[in-house]
Amino acid sequence: MDTRFDWFKVSPAAAHALLKLQSYINDAGLDHKMLELVKLRTSQLNGCAFCIDMHTKDARVSGETEQRLYLLSAWREMTHLYSEKEQAALEWTEAVTDVQHGHVPETAFTRARAQFSEVELVTLTLAISSTNSWNRLNVAFRKAAGDYQPGMFKAAANG
């Protein structure tokens, strides 16, 4: 599949706005390994190859294990690999990402609220929402996967 166009270069202001939001999310105090799992799971749900590649690489840099990365899409069957907090975050991720059949279920909220403060839950939801935005832009314009290097967007976020 060929890239339609490089939306990042065509609209640097839009890219910069998302990068600034991402910088806020990354610095808001949530565990980075868990945050990368959330971003990766969101990207898996949306089928965004570029973001799956990126978040897999970033998760490894954050110290994530290969086993947990390989089994992320089956986390419900592999609960012994993920903490209660991570499971709550992953359930929240799936509920917030897939709202086409209704609203976010109360069970997902109750589980997430038991593990996260209100401020953390806002940040987590922003992380999911932001990742959904990145996914949709990259999927719509067919951003090619494979060339991402961890940290390559840090300079762009500050510039």
# chains A, B, ... in the order shown; residues from 1 in each chain; ligands from 1

call {"tool": "select_by_dssp", "arguments": {"residues": "range 68-118 of chain A", "states": "helix (DSSP H, G or I)", "output": "VMD selection string"}}
result
chain A and resid 68 to 70 72 to 77 79 to 81 84 to 97 106 to 115 118

call {"tool": "write_last_selection", "arguments": {"atoms": "N, CA and C atoms", "output": "tab-separated table (two decimals), in the first residue's frame"}}
result
chain	number	residue	atom	x	y	z
A	68	ARG	N	5.23	-10.04	26.91
A	68	ARG	CA	4.06	-9.20	27.16
A	68	ARG	C	3.63	-8.45	25.89
A	69	LEU	N	4.58	-8.08	25.06
A	69	LEU	CA	4.23	-7.43	23.79
A	69	LEU	C	3.53	-8.41	22.85
A	70	TYR	N	4.05	-9.62	22.74
A	70	TYR	CA	3.46	-10.61	21.85
A	70	TYR	C	2.05	-10.98	22.27
A	72	LEU	N	-0.13	-9.14	24.10
A	72	LEU	CA	-0.98	-8.02	24.47
A	72	LEU	C	-2.41	-8.14	23.93
A	73	SER	N	-2.57	-8.57	22.71
A	73	SER	CA	-3.92	-8.66	22.15
A	73	SER	C	-4.74	-9.75	22.84
A	74	ALA	N	-4.09	-10.63	23.58
A	74	ALA	CA	-4.78	-11.69	24.32
A	74	ALA	C	-4.64	-11.48	25.83
A	75	TRP	N	-4.54	-10.23	26.26
A	75	TRP	CA	-4.27	-9.93	27.67
A	75	TRP	C	-5.32	-10.52	28.60
A	76	ARG	N	-6.55	-10.63	28.16
A	76	ARG	CA	-7.62	-11.18	29.02
A	76	ARG	C	-7.38	-12.65	29.36
A	77	GLU	N	-6.69	-13.36	28.50
A	77	GLU	CA	-6.37	-14.77	28.77
A	77	GLU	C	-5.03	-14.92	29.47
A	79	THR	N	-3.81	-12.93	32.13
A	79	THR	CA	-3.86	-11.94	33.21
A	79	THR	C	-2.69	-12.05	34.17
A	80	HIS	N	-2.08	-13.22	34.26
A	80	HIS	CA	-0.93	-13.36	35.15
A	80	HIS	C	0.28	-12.54	34.68
A	81	LEU	N	0.27	-12.10	33.43
A	81	LEU	CA	1.38	-11.30	32.90
A	81	LEU	C	1.21	-9.80	33.12
A	84	GLU	N	-3.04	-5.73	37.95
A	84	GLU	CA	-4.45	-5.29	38.01
A	84	GLU	C	-4.61	-3.90	37.39
A	85	LYS	N	-3.66	-3.03	37.68
A	85	LYS	CA	-3.72	-1.68	37.13
A	85	LYS	C	-3.60	-1.70	35.61
A	86	GLU	N	-2.68	-2.49	35.09
A	86	GLU	CA	-2.53	-2.61	33.64
A	86	GLU	C	-3.79	-3.20	33.00
A	87	GLN	N	-4.38	-4.20	33.63
A	87	GLN	CA	-5.60	-4.80	33.11
A	87	GLN	C	-6.74	-3.78	33.08
A	88	ALA	N	-6.85	-2.99	34.13
A	88	ALA	CA	-7.87	-1.93	34.17
A	88	ALA	C	-7.61	-0.92	33.05
A	89	ALA	N	-6.36	-0.56	32.84
A	89	ALA	CA	-6.01	0.39	31.78
A	89	ALA	C	-6.31	-0.20	30.40
A	90	LEU	N	-6.03	-1.47	30.21
A	90	LEU	CA	-6.30	-2.10	28.92
A	90	LEU	C	-7.80	-2.24	28.65
A	91	GLU	N	-8.56	-2.58	29.68
A	91	GLU	CA	-10.01	-2.65	29.52
A	91	GLU	C	-10.57	-1.26	29.19
A	92	TRP	N	-10.07	-0.24	29.88
A	92	TRP	CA	-10.49	1.14	29.62
A	92	TRP	C	-10.12	1.54	28.19
A	93	THR	N	-8.93	1.16	27.76
A	93	THR	CA	-8.46	1.45	26.41
A	93	THR	C	-9.42	0.88	25.37
A	94	GLU	N	-9.77	-0.38	25.54
A	94	GLU	CA	-10.67	-1.02	24.58
A	94	GLU	C	-12.05	-0.36	24.59
A	95	ALA	N	-12.53	-0.03	25.78
A	95	ALA	CA	-13.87	0.58	25.89
A	95	ALA	C	-13.90	1.99	25.29
A	96	VAL	N	-12.87	2.77	25.53
A	96	VAL	CA	-12.83	4.15	25.02
A	96	VAL	C	-12.57	4.16	23.52
A	97	THR	N	-11.80	3.21	23.02
A	97	THR	CA	-11.49	3.16	21.59
A	97	THR	C	-12.67	2.67	20.77
A	106	GLU	N	-20.14	0.83	32.30
A	106	GLU	CA	-19.92	1.16	33.71
A	106	GLU	C	-18.90	0.23	34.34
A	107	THR	N	-18.89	-1.03	33.93
A	107	THR	CA	-17.93	-1.99	34.50
A	107	THR	C	-16.49	-1.58	34.20
A	108	ALA	N	-16.25	-1.08	32.99
A	108	ALA	CA	-14.90	-0.63	32.63
A	108	ALA	C	-14.53	0.60	33.46
A	109	PHE	N	-15.48	1.53	33.63
A	109	PHE	CA	-15.22	2.71	34.44
A	109	PHE	C	-14.94	2.33	35.89
A	110	THR	N	-15.74	1.46	36.45
A	110	THR	CA	-15.59	1.06	37.85
A	110	THR	C	-14.22	0.42	38.08
A	111	ARG	N	-13.81	-0.44	37.16
A	111	ARG	CA	-12.50	-1.10	37.28
A	111	ARG	C	-11.37	-0.08	37.17
A	112	ALA	N	-11.47	0.82	36.20
A	112	ALA	CA	-10.43	1.83	36.02
A	112	ALA	C	-10.38	2.79	37.21
A	113	ARG	N	-11.54	3.19	37.68
A	113	ARG	CA	-11.61	4.15	38.80
A	113	ARG	C	-11.03	3.56	40.08
A	114	ALA	N	-11.09	2.25	40.23
A	114	ALA	CA	-10.51	1.59	41.40
A	114	ALA	C	-8.98	1.60	41.36
A	115	GLN	N	-8.41	1.79	40.18
A	115	GLN	CA	-6.95	1.73	40.01
A	115	GLN	C	-6.30	3.10	39.78
A	118	GLU	N	-8.78	10.38	39.71
A	118	GLU	CA	-9.53	11.08	38.67
A	118	GLU	C	-8.58	11.77	37.69

call {"tool": "residues_around", "arguments": {"residues": "Ile25 in chain A", "least_positions_apart": "6", "cutoff": "9 Å", "atoms": "only C-alpha atoms", "output": "PyMOL selection string"}}
result
chain A and resi 123-124+126-127+130

call {"tool": "residues_around", "arguments": {"residues": "range 16-23 of chain A", "least_positions_apart": "5", "cutoff": "12 Å", "atoms": "only C-alpha atoms", "output": "MDAnalysis selection string"}}
result
chainID A and resid 7:11 28:29 35:36 39 123:124 126:135 137 151:159

call {"tool": "residues_around", "arguments": {"residues": "Asp2 in chain A", "least_positions_apart": "3", "cutoff": "10 Å", "atoms": "only C-alpha atoms", "output": "NGL selection string"}}
result
:A and (5 or 141-144)

call {"tool": "closest_residue", "arguments": {"among": "A:Gln149, A:Ser62, A:Ser117, A:Asn138", "to": "Cys48 in chain A", "atoms": "only C-alpha atoms"}}
result
A:Asn138

call {"tool": "closest_residue", "arguments": {"among": "A:Thr42, A:Thr65, A:Glu120, A:Ile52", "to": "Asp27 in chain A", "atoms": "only C-alpha atoms"}}
result
A:Glu120

call {"tool": "residues_around", "arguments": {"residues": "Gly63 in chain A", "least_positions_apart": "3", "cutoff": "10 Å", "atoms": "only C-alpha atoms", "output": "CSV table (one decimal) with N, CA and C atoms, in the first residue's frame"}}
result
chain,number,residue,atom,x,y,z
A,32,HIS,N,5.4,4.7,32.3
A,32,HIS,CA,5.7,4.7,30.9
A,32,HIS,C,5.5,3.3,30.2
A,33,LYS,N,5.8,2.3,31.0
A,33,LYS,CA,5.6,1.0,30.4
A,33,LYS,C,4.1,0.7,30.2
A,58,ASP,N,9.1,1.7,21.3
A,58,ASP,CA,9.1,2.5,22.5
A,58,ASP,C,8.9,1.7,23.7
A,59,ALA,N,8.0,0.7,23.7
A,59,ALA,CA,7.8,-0.2,24.8
A,59,ALA,C,9.1,-1.0,25.2
A,60,ARG,N,9.8,-1.4,24.2
A,60,ARG,CA,11.0,-2.1,24.5
A,60,ARG,C,12.0,-1.2,25.1
A,66,GLU,N,9.4,-9.0,25.6
A,66,GLU,CA,8.8,-9.5,24.4
A,66,GLU,C,7.6,-10.3,24.6
